[in-house]
$ cat my_file_34.cif   # mmCIF, C-alpha atoms; chains and numbers go by the auth columns
data_entry
#
loop_
_atom_site.group_PDB
_atom_site.id
_atom_site.type_symbol
_atom_site.label_atom_id
_atom_site.label_comp_id
_atom_site.label_asym_id
_atom_site.label_seq_id
_atom_site.Cartn_x
_atom_site.Cartn_y
_atom_site.Cartn_z
_atom_site.B_iso_or_equiv
_atom_site.auth_seq_id
_atom_site.auth_asym_id
ATOM 1 C CA MET A 1 87.512 96.180 75.860 0.00 1 A
ATOM 2 C CA LEU A 2 86.521 93.467 73.402 0.00 2 A
ATOM 3 C CA LEU A 3 83.664 95.734 72.303 0.00 3 A
ATOM 4 C CA GLU A 4 86.310 98.368 71.535 0.00 4 A
ATOM 5 C CA LEU A 5 88.182 95.712 69.596 0.00 5 A
ATOM 6 C CA ALA A 6 85.055 94.762 67.662 0.00 6 A
ATOM 7 C CA ILE A 7 84.519 98.382 66.672 0.00 7 A
ATOM 8 C CA ALA A 8 88.175 98.678 65.709 0.00 8 A
ATOM 9 C CA ALA A 9 87.884 95.497 63.661 0.00 9 A
ATOM 10 C CA ALA A 10 84.854 96.763 61.789 0.00 10 A
ATOM 11 C CA LEU A 11 86.538 100.073 61.095 0.00 11 A
ATOM 12 C CA SER A 12 89.743 98.430 59.954 0.00 12 A
ATOM 13 C CA LEU A 13 87.828 96.226 57.517 0.00 13 A
ATOM 14 C CA GLN A 14 86.179 99.293 56.009 0.00 14 A
ATOM 15 C CA SER A 15 89.535 100.892 55.313 0.00 15 A
ATOM 16 C CA ALA A 16 90.827 100.649 51.759 0.00 16 A
ATOM 17 C CA GLN A 17 94.350 100.604 53.134 0.00 17 A
ATOM 18 C CA ASP A 18 95.699 97.680 55.126 0.00 18 A
ATOM 19 C CA GLU A 19 96.619 99.769 58.160 0.00 19 A
ATOM 20 C CA GLY A 20 95.300 97.360 60.790 0.00 20 A
ATOM 21 C CA PRO A 21 92.903 98.138 63.601 0.00 21 A
ATOM 22 C CA ILE A 22 92.435 101.483 65.227 0.00 22 A
ATOM 23 C CA VAL A 23 94.268 101.318 68.536 0.00 23 A
ATOM 24 C CA THR A 24 92.728 102.720 71.683 0.00 24 A
ATOM 25 C CA GLY A 25 94.841 103.431 74.732 0.00 25 A
ATOM 26 C CA ALA A 26 97.979 103.562 72.600 0.00 26 A
ATOM 27 C CA ARG A 27 101.350 104.662 73.848 0.00 27 A
ATOM 28 C CA GLY A 28 101.532 108.384 73.602 0.00 28 A
ATOM 29 C CA GLU A 29 97.969 108.872 74.774 0.00 29 A
ATOM 30 C CA ALA A 30 97.747 111.913 77.012 0.00 30 A
ATOM 31 C CA ALA A 31 98.030 111.093 80.703 0.00 31 A
ATOM 32 C CA ASP A 32 94.814 113.008 81.390 0.00 32 A
ATOM 33 C CA SER A 33 92.973 110.842 78.896 0.00 33 A
ATOM 34 C CA VAL A 34 94.280 107.652 80.526 0.00 34 A
ATOM 35 C CA ARG A 35 93.267 108.959 83.964 0.00 35 A
ATOM 36 C CA LEU A 36 89.784 109.830 82.695 0.00 36 A
ATOM 37 C CA ARG A 37 89.266 106.407 81.104 0.00 37 A
ATOM 38 C CA GLU A 38 90.614 104.707 84.247 0.00 38 A
ATOM 39 C CA ALA A 39 88.235 106.638 86.476 0.00 39 A
ATOM 40 C CA ILE A 40 85.283 105.666 84.316 0.00 40 A
ATOM 41 C CA ALA A 41 86.391 102.028 84.089 0.00 41 A
ATOM 42 C CA TYR A 42 86.863 101.647 87.836 0.00 42 A
ATOM 43 C CA SER A 43 83.593 103.429 88.641 0.00 43 A
ATOM 44 C CA ASN A 44 81.532 100.921 86.645 0.00 44 A
ATOM 45 C CA PRO A 45 80.469 97.733 88.404 0.00 45 A
ATOM 46 C CA LEU A 46 82.106 94.469 87.442 0.00 46 A
ATOM 47 C CA PRO A 47 80.084 91.469 86.298 0.00 47 A
ATOM 48 C CA ALA A 48 79.035 89.009 88.989 0.00 48 A
ATOM 49 C CA GLY A 49 81.909 86.719 89.898 0.00 49 A
ATOM 50 C CA ALA A 50 84.655 88.984 88.558 0.00 50 A
ATOM 51 C CA PRO A 51 87.526 89.575 90.985 0.00 51 A
ATOM 52 C CA THR A 52 87.908 93.112 92.260 0.00 52 A
ATOM 53 C CA GLN A 53 91.685 93.052 92.785 0.00 53 A
ATOM 54 C CA ASP A 54 93.722 93.912 89.683 0.00 54 A
ATOM 55 C CA TYR A 55 95.997 90.867 89.446 0.00 55 A
ATOM 56 C CA PRO A 56 93.248 88.207 89.666 0.00 56 A
ATOM 57 C CA LEU A 57 91.033 90.371 87.460 0.00 57 A
ATOM 58 C CA VAL A 58 93.617 90.342 84.671 0.00 58 A
ATOM 59 C CA ALA A 59 93.870 86.544 84.939 0.00 59 A
ATOM 60 C CA TRP A 60 90.050 86.356 84.732 0.00 60 A
ATOM 61 C CA CYS A 61 90.009 88.691 81.715 0.00 61 A
ATOM 62 C CA GLU A 62 92.690 86.692 79.923 0.00 62 A
ATOM 63 C CA ALA A 63 90.778 83.445 80.501 0.00 63 A
ATOM 64 C CA LEU A 64 87.552 84.945 79.154 0.00 64 A
ATOM 65 C CA VAL A 65 89.299 86.195 76.034 0.00 65 A
ATOM 66 C CA ASN A 66 91.048 82.858 75.535 0.00 66 A
ATOM 67 C CA GLY A 67 87.714 81.048 75.850 0.00 67 A
ATOM 68 C CA HIS A 68 86.127 83.337 73.287 0.00 68 A
ATOM 69 C CA VAL A 69 89.027 82.711 70.897 0.00 69 A
ATOM 70 C CA ALA A 70 88.801 78.955 71.449 0.00 70 A
ATOM 71 C CA LEU A 71 85.076 79.049 70.734 0.00 71 A
ATOM 72 C CA GLY A 72 85.625 81.075 67.565 0.00 72 A
ATOM 73 C CA GLU A 73 88.257 78.636 66.404 0.00 73 A
ATOM 74 C CA THR A 74 85.718 75.775 66.594 0.00 74 A
ATOM 75 C CA LEU A 75 83.633 77.430 63.903 0.00 75 A
ATOM 76 C CA THR A 76 84.128 76.233 60.342 0.00 76 A
ATOM 77 C CA ASP A 77 82.500 79.162 58.571 0.00 77 A
ATOM 78 C CA HIS A 78 84.472 82.273 59.589 0.00 78 A
ATOM 79 C CA ASN A 79 83.517 85.547 58.030 0.00 79 A
ATOM 80 C CA ALA A 80 86.117 88.323 57.787 0.00 80 A
ATOM 81 C CA GLU A 81 84.801 90.109 60.889 0.00 81 A
ATOM 82 C CA ASP A 82 84.978 86.950 63.001 0.00 82 A
ATOM 83 C CA ALA A 83 88.520 86.243 61.841 0.00 83 A
ATOM 84 C CA GLU A 84 89.524 89.795 62.720 0.00 84 A
ATOM 85 C CA LEU A 85 87.888 89.524 66.153 0.00 85 A
ATOM 86 C CA ILE A 86 89.839 86.336 66.822 0.00 86 A
ATOM 87 C CA ARG A 87 93.083 87.974 65.699 0.00 87 A
ATOM 88 C CA LEU A 88 92.502 91.028 67.889 0.00 88 A
ATOM 89 C CA ALA A 89 91.413 88.921 70.858 0.00 89 A
ATOM 90 C CA LYS A 90 94.643 86.926 70.612 0.00 90 A
ATOM 91 C CA LEU A 91 96.566 90.199 70.785 0.00 91 A
ATOM 92 C CA GLU A 92 94.508 91.268 73.781 0.00 92 A
ATOM 93 C CA ALA A 93 95.162 87.948 75.543 0.00 93 A
ATOM 94 C CA GLN A 94 98.870 88.341 74.780 0.00 94 A
ATOM 95 C CA ASP A 95 98.797 91.774 76.424 0.00 95 A
ATOM 96 C CA PHE A 96 97.121 90.317 79.516 0.00 96 A
ATOM 97 C CA ARG A 97 99.689 87.476 79.650 0.00 97 A
ATOM 98 C CA GLY A 98 102.501 90.011 79.435 0.00 98 A
ATOM 99 C CA ALA A 99 101.038 92.058 82.264 0.00 99 A
ATOM 100 C CA LEU A 100 100.595 88.942 84.396 0.00 100 A
ATOM 101 C CA ALA A 101 104.159 87.811 83.662 0.00 101 A
ATOM 102 C CA ALA A 102 105.530 91.214 84.649 0.00 102 A
ATOM 103 C CA ALA A 103 103.508 91.295 87.856 0.00 103 A
ATOM 104 C CA THR A 104 103.803 87.675 88.997 0.00 104 A
ATOM 105 C CA PRO A 105 107.133 88.044 90.852 0.00 105 A
ATOM 106 C CA ARG A 106 105.608 90.838 92.974 0.00 106 A
ATOM 107 C CA GLN A 107 102.471 88.882 93.950 0.00 107 A
ATOM 108 C CA SER A 108 101.802 87.098 97.206 0.00 108 A
ATOM 109 C CA ALA A 109 100.907 83.424 97.242 0.00 109 A
ATOM 110 C CA ALA A 110 97.332 84.439 98.080 0.00 110 A
ATOM 111 C CA ALA A 111 97.108 86.775 95.072 0.00 111 A
ATOM 112 C CA LYS A 112 98.510 84.067 92.783 0.00 112 A
ATOM 113 C CA ALA A 113 95.991 81.551 94.144 0.00 113 A
ATOM 114 C CA ALA A 114 93.155 84.073 93.655 0.00 114 A
ATOM 115 C CA ALA A 115 94.298 84.612 90.062 0.00 115 A
ATOM 116 C CA ASP A 116 94.405 80.865 89.424 0.00 116 A
ATOM 117 C CA ARG A 117 90.866 80.473 90.824 0.00 117 A
ATOM 118 C CA ALA A 118 89.586 83.432 88.799 0.00 118 A
ATOM 119 C CA ALA A 119 91.105 82.069 85.586 0.00 119 A
ATOM 120 C CA ALA A 120 89.664 78.611 86.239 0.00 120 A
ATOM 121 C CA GLU A 121 86.189 80.046 86.888 0.00 121 A
ATOM 122 C CA ALA A 122 86.320 82.159 83.721 0.00 122 A
ATOM 123 C CA THR A 123 87.570 79.224 81.661 0.00 123 A
ATOM 124 C CA ALA A 124 84.766 77.044 82.999 0.00 124 A
ATOM 125 C CA LYS A 125 82.189 79.489 81.605 0.00 125 A
ATOM 126 C CA TRP A 126 83.189 78.376 78.091 0.00 126 A
ATOM 127 C CA THR A 127 83.376 74.606 78.726 0.00 127 A
ATOM 128 C CA GLN A 128 79.814 73.639 77.821 0.00 128 A
ATOM 129 C CA LEU A 129 79.861 75.770 74.698 0.00 129 A
ATOM 130 C CA LEU A 130 83.198 74.414 73.511 0.00 130 A
ATOM 131 C CA VAL A 131 81.940 70.824 73.633 0.00 131 A
ATOM 132 C CA ASN A 132 78.513 71.594 72.189 0.00 132 A
ATOM 133 C CA PRO A 133 78.248 69.681 68.893 0.00 133 A
ATOM 134 C CA ASP A 134 75.812 72.222 67.424 0.00 134 A
ATOM 135 C CA GLU A 135 77.878 74.736 65.468 0.00 135 A
ATOM 136 C CA VAL A 136 74.917 77.122 65.191 0.00 136 A
ATOM 137 C CA VAL A 137 74.742 77.344 68.986 0.00 137 A
ATOM 138 C CA ARG A 138 78.516 77.870 69.226 0.00 138 A
ATOM 139 C CA SER A 139 78.365 80.530 66.523 0.00 139 A
ATOM 140 C CA GLN A 140 75.536 82.370 68.265 0.00 140 A
ATOM 141 C CA ALA A 141 77.418 82.282 71.567 0.00 141 A
ATOM 142 C CA PHE A 142 80.557 83.550 69.839 0.00 142 A
ATOM 143 C CA GLY A 143 78.562 86.456 68.425 0.00 143 A
ATOM 144 C CA LEU A 144 76.905 87.259 71.742 0.00 144 A
ATOM 145 C CA PHE A 145 80.120 87.774 73.722 0.00 145 A
ATOM 146 C CA PHE A 146 80.008 91.506 74.340 0.00 146 A
ATOM 147 C CA GLY A 147 83.522 91.785 75.648 0.00 147 A
ATOM 148 C CA LEU A 148 85.281 92.600 78.830 0.00 148 A
ATOM 149 C CA PRO A 149 84.825 95.343 81.374 0.00 149 A
ATOM 150 C CA GLY A 150 86.966 98.374 80.573 0.00 150 A
ATOM 151 C CA ARG A 151 88.664 97.828 83.894 0.00 151 A
ATOM 152 C CA CYS A 152 90.582 94.854 82.413 0.00 152 A
ATOM 153 C CA GLU A 153 92.694 97.117 80.211 0.00 153 A
ATOM 154 C CA HIS A 154 93.517 99.442 83.093 0.00 154 A
ATOM 155 C CA ALA A 155 94.185 96.646 85.559 0.00 155 A
ATOM 156 C CA ALA A 156 96.671 95.149 83.086 0.00 156 A
ATOM 157 C CA ARG A 157 98.407 98.502 82.679 0.00 157 A
ATOM 158 C CA ARG A 158 98.512 99.004 86.446 0.00 158 A
ATOM 159 C CA ILE A 159 99.949 95.579 87.317 0.00 159 A
ATOM 160 C CA ARG A 160 102.485 95.748 84.471 0.00 160 A
ATOM 161 C CA ALA A 161 103.757 99.107 85.719 0.00 161 A
ATOM 162 C CA ASN A 162 103.522 98.113 89.411 0.00 162 A
ATOM 163 C CA ILE A 163 101.071 100.924 90.150 0.00 163 A
ATOM 164 C CA THR A 164 99.932 100.314 93.714 0.00 164 A
ATOM 165 C CA THR A 165 98.104 103.551 94.427 0.00 165 A
ATOM 166 C CA PRO A 166 94.300 103.405 94.272 0.00 166 A
ATOM 167 C CA PRO A 167 92.772 104.120 90.869 0.00 167 A
ATOM 168 C CA VAL A 168 91.614 107.656 90.294 0.00 168 A
ATOM 169 C CA THR A 169 87.985 108.413 90.978 0.00 169 A
ATOM 170 C CA PRO A 170 85.581 110.247 88.690 0.00 170 A
ATOM 171 C CA GLU A 171 85.645 113.191 91.085 0.00 171 A
ATOM 172 C CA GLU A 172 89.452 113.374 90.867 0.00 172 A
ATOM 173 C CA VAL A 173 89.257 113.826 87.091 0.00 173 A
ATOM 174 C CA GLY A 174 86.456 116.379 87.283 0.00 174 A
ATOM 175 C CA LEU A 175 83.466 114.154 86.600 0.00 175 A
ATOM 176 C CA THR A 176 80.282 114.434 88.590 0.00 176 A
ATOM 177 C CA VAL A 177 78.667 111.188 89.614 0.00 177 A
ATOM 178 C CA GLU A 178 74.922 111.522 89.894 0.00 178 A
ATOM 179 C CA ALA A 179 72.958 109.378 92.290 0.00 179 A
ATOM 180 C CA ASP A 180 70.901 106.588 90.768 0.00 180 A
ATOM 181 C CA PRO A 181 67.249 107.734 91.074 0.00 181 A
ATOM 182 C CA ALA A 182 66.140 104.093 91.270 0.00 182 A
ATOM 183 C CA ALA A 183 68.242 103.644 94.412 0.00 183 A
ATOM 184 C CA ASN A 184 66.046 106.021 96.404 0.00 184 A
#

$ encode --input "my_file_34.cif" --output "structure tokens"
Amino acid sequence: MLLELAIAAALSLQSAQDEGPIVTGARGEAADSVRLREAIAYSNPLPAGAPTQDYPLVAWCEALVNGHVALGETLTDHNAEDAELIRLAKLEAQDFRGALAAATPRQSAAAKAAADRAAAEATAKWTQLLVNPDEVVRSQAFGLFFGLPGRCEHAARRIRANITTPPVTPEEVGLTVEADPAAN
């Protein structure tokens, strides 16, 4: 999702008008489009160490975004694109926090503990970079963060709305999943 935000940031900076970023997944998006994007997002593998359950995953996603923002804020030489990425990432983190806040009362103690662990693990990924005195290294790491799995956006939507049914599959939205030839 952060990659989507980066693209939106670049496009918004190109605009002569100050209209803000291009929003993906906006309210009013056709339900079929949301279902299609959800099916694709949930069919892609998560990075190693990412939780598979939606509530802890959103906590993990929020912590990764917050770490990226914190790293960006340590840099003294922000260009316009970096500043826009930080602004958009803060909005994304706010969305994740809102989803977590809405879902927290419905979560079991085990789910809350899993979310706390996931957030702590994601936060820890940024620790060494945040304390690195070499700004060039921090800047390179800031630029190399490719974003979050698309599943983060959908998991946040699902926990906010208390959607407890399994996510749709590619087959349910009419997509054909081909076998990986390397797996044979």

$ closest_residue --input "my_file_34.cif" --among "A:Ala182, A:Leu91, A:Gly174, A:Leu100" --to "Asp32 (chain A)" --atoms "all atoms listed in the file"
A:Gly174

$ atom_distance --input "my_file_34.cif" --atom1 "CA of Glu121 (chain A)" --atom2 "CA of Trp60 (chain A)"
7.7 Å

$ resolve_selection --input "my_file_34.cif" --expression "the PyMOL selection byres ((chain A and resi 65) around 9)" --output "PyMOL selection string"
chain A and resi 2+60-64+66-70+89-90+92-93+147-148

$ residues_near_point --input "my_file_34.cif" --point "(82.1, 72.4, 61.0)" --cutoff "12 Å" --atoms "all atoms listed in the file" --output "PDB file with C-alpha atoms, in the coordinates of the input"
ATOM      1  CA  GLY A  72      85.625  81.075  67.565  1.00  0.00           C
ATOM      2  CA  GLU A  73      88.257  78.636  66.404  1.00  0.00           C
ATOM      3  CA  THR A  74      85.718  75.775  66.594  1.00  0.00           C
ATOM      4  CA  LEU A  75      83.633  77.430  63.903  1.00  0.00           C
ATOM      5  CA  THR A  76      84.128  76.233  60.342  1.00  0.00           C
ATOM      6  CA  ASP A  77      82.500  79.162  58.571  1.00  0.00           C
ATOM      7  CA  HIS A  78      84.472  82.273  59.589  1.00  0.00           C
ATOM      8  CA  ASN A 132      78.513  71.594  72.189  1.00  0.00           C
ATOM      9  CA  PRO A 133      78.248  69.681  68.893  1.00  0.00           C
ATOM     10  CA  ASP A 134      75.812  72.222  67.424  1.00  0.00           C
ATOM     11  CA  GLU A 135      77.878  74.736  65.468  1.00  0.00           C
ATOM     12  CA  VAL A 136      74.917  77.122  65.191  1.00  0.00           C
ATOM     13  CA  VAL A 137      74.742  77.344  68.986  1.00  0.00           C
ATOM     14  CA  ARG A 138      78.516  77.870  69.226  1.00  0.00           C
ATOM     15  CA  SER A 139      78.365  80.530  66.523  1.00  0.00           C
TER      16      SER A 139
END

$ atom_distance --input "my_file_34.cif" --atom1 "CA of Ala120 (chain A)" --atom2 "CA of Ala103 (chain A)"
18.8 Å

$ residues_around --input "my_file_34.cif" --residues "Leu46 (chain A)" --least-positions-apart "3" --cutoff "8 Å" --atoms "only C-alpha atoms" --output "list of chain:residue names"
A:Ala50, A:Thr52, A:Pro149

$ closest_residue --input "my_file_34.cif" --among "A:Phe96, A:Trp126, A:Tyr55, A:Phe146" --to "Ala114 (chain A)" --atoms "only C-alpha atoms"
A:Tyr55

$ atom_distance --input "my_file_34.cif" --atom1 "CA of Asn162 (chain A)" --atom2 "CA of Val34 (chain A)"
16.0 Å

$ resolve_selection --input "my_file_34.cif" --expression "the PyMOL selection byres ((chain A and resi 166) around 12)" --output "PyMOL selection string"
chain A and resi 35+38-39+42+53-54+154-155+158-159+162-165+167-169+172

$ write_last_selection --input "my_file_34.cif" --atoms "C-alpha atoms" --output "mmCIF file, in the frame of the given file"
data_model
loop_
_atom_site.group_PDB
_atom_site.id
_atom_site.type_symbol
_atom_site.label_atom_id
_atom_site.label_comp_id
_atom_site.auth_asym_id
_atom_site.auth_seq_id
_atom_site.Cartn_x
_atom_site.Cartn_y
_atom_site.Cartn_z
ATOM 1 C CA ARG A 35 93.267 108.959 83.964
ATOM 2 C CA GLU A 38 90.614 104.707 84.247
ATOM 3 C CA ALA A 39 88.235 106.638 86.476
ATOM 4 C CA TYR A 42 86.863 101.647 87.836
ATOM 5 C CA GLN A 53 91.685 93.052 92.785
ATOM 6 C CA ASP A 54 93.722 93.912 89.683
ATOM 7 C CA HIS A 154 93.517 99.442 83.093
ATOM 8 C CA ALA A 155 94.185 96.646 85.559
ATOM 9 C CA ARG A 158 98.512 99.004 86.446
ATOM 10 C CA ILE A 159 99.949 95.579 87.317
ATOM 11 C CA ASN A 162 103.522 98.113 89.411
ATOM 12 C CA ILE A 163 101.071 100.924 90.150
ATOM 13 C CA THR A 164 99.932 100.314 93.714
ATOM 14 C CA THR A 165 98.104 103.551 94.427
ATOM 15 C CA PRO A 167 92.772 104.120 90.869
ATOM 16 C CA VAL A 168 91.614 107.656 90.294
ATOM 17 C CA THR A 169 87.985 108.413 90.978
ATOM 18 C CA GLU A 172 89.452 113.374 90.867
#

$ closest_residue --input "my_file_34.cif" --among "A:Ala141, A:Leu88, A:Ala156, A:Ala83" --to "Ala102 (chain A)" --atoms "only C-alpha atoms"
A:Ala156

$ closest_residue --input "my_file_34.cif" --among "A:Glu84, A:Val58, A:Arg157, A:Ala119" --to "Arg97 (chain A)" --atoms "all atoms listed in the file"
A:Val58

$ closest_residue --input "my_file_34.cif" --among "A:Leu71, A:Lys112, A:Ala101, A:Asp95" --to "Gln128 (chain A)" --atoms "all atoms listed in the file"
A:Leu71

$ closest_residue --input "my_file_34.cif" --among "A:Pro47, A:Phe142, A:Gly150, A:Ala30" --to "Leu129 (chain A)" --atoms "only C-alpha atoms"
A:Phe142
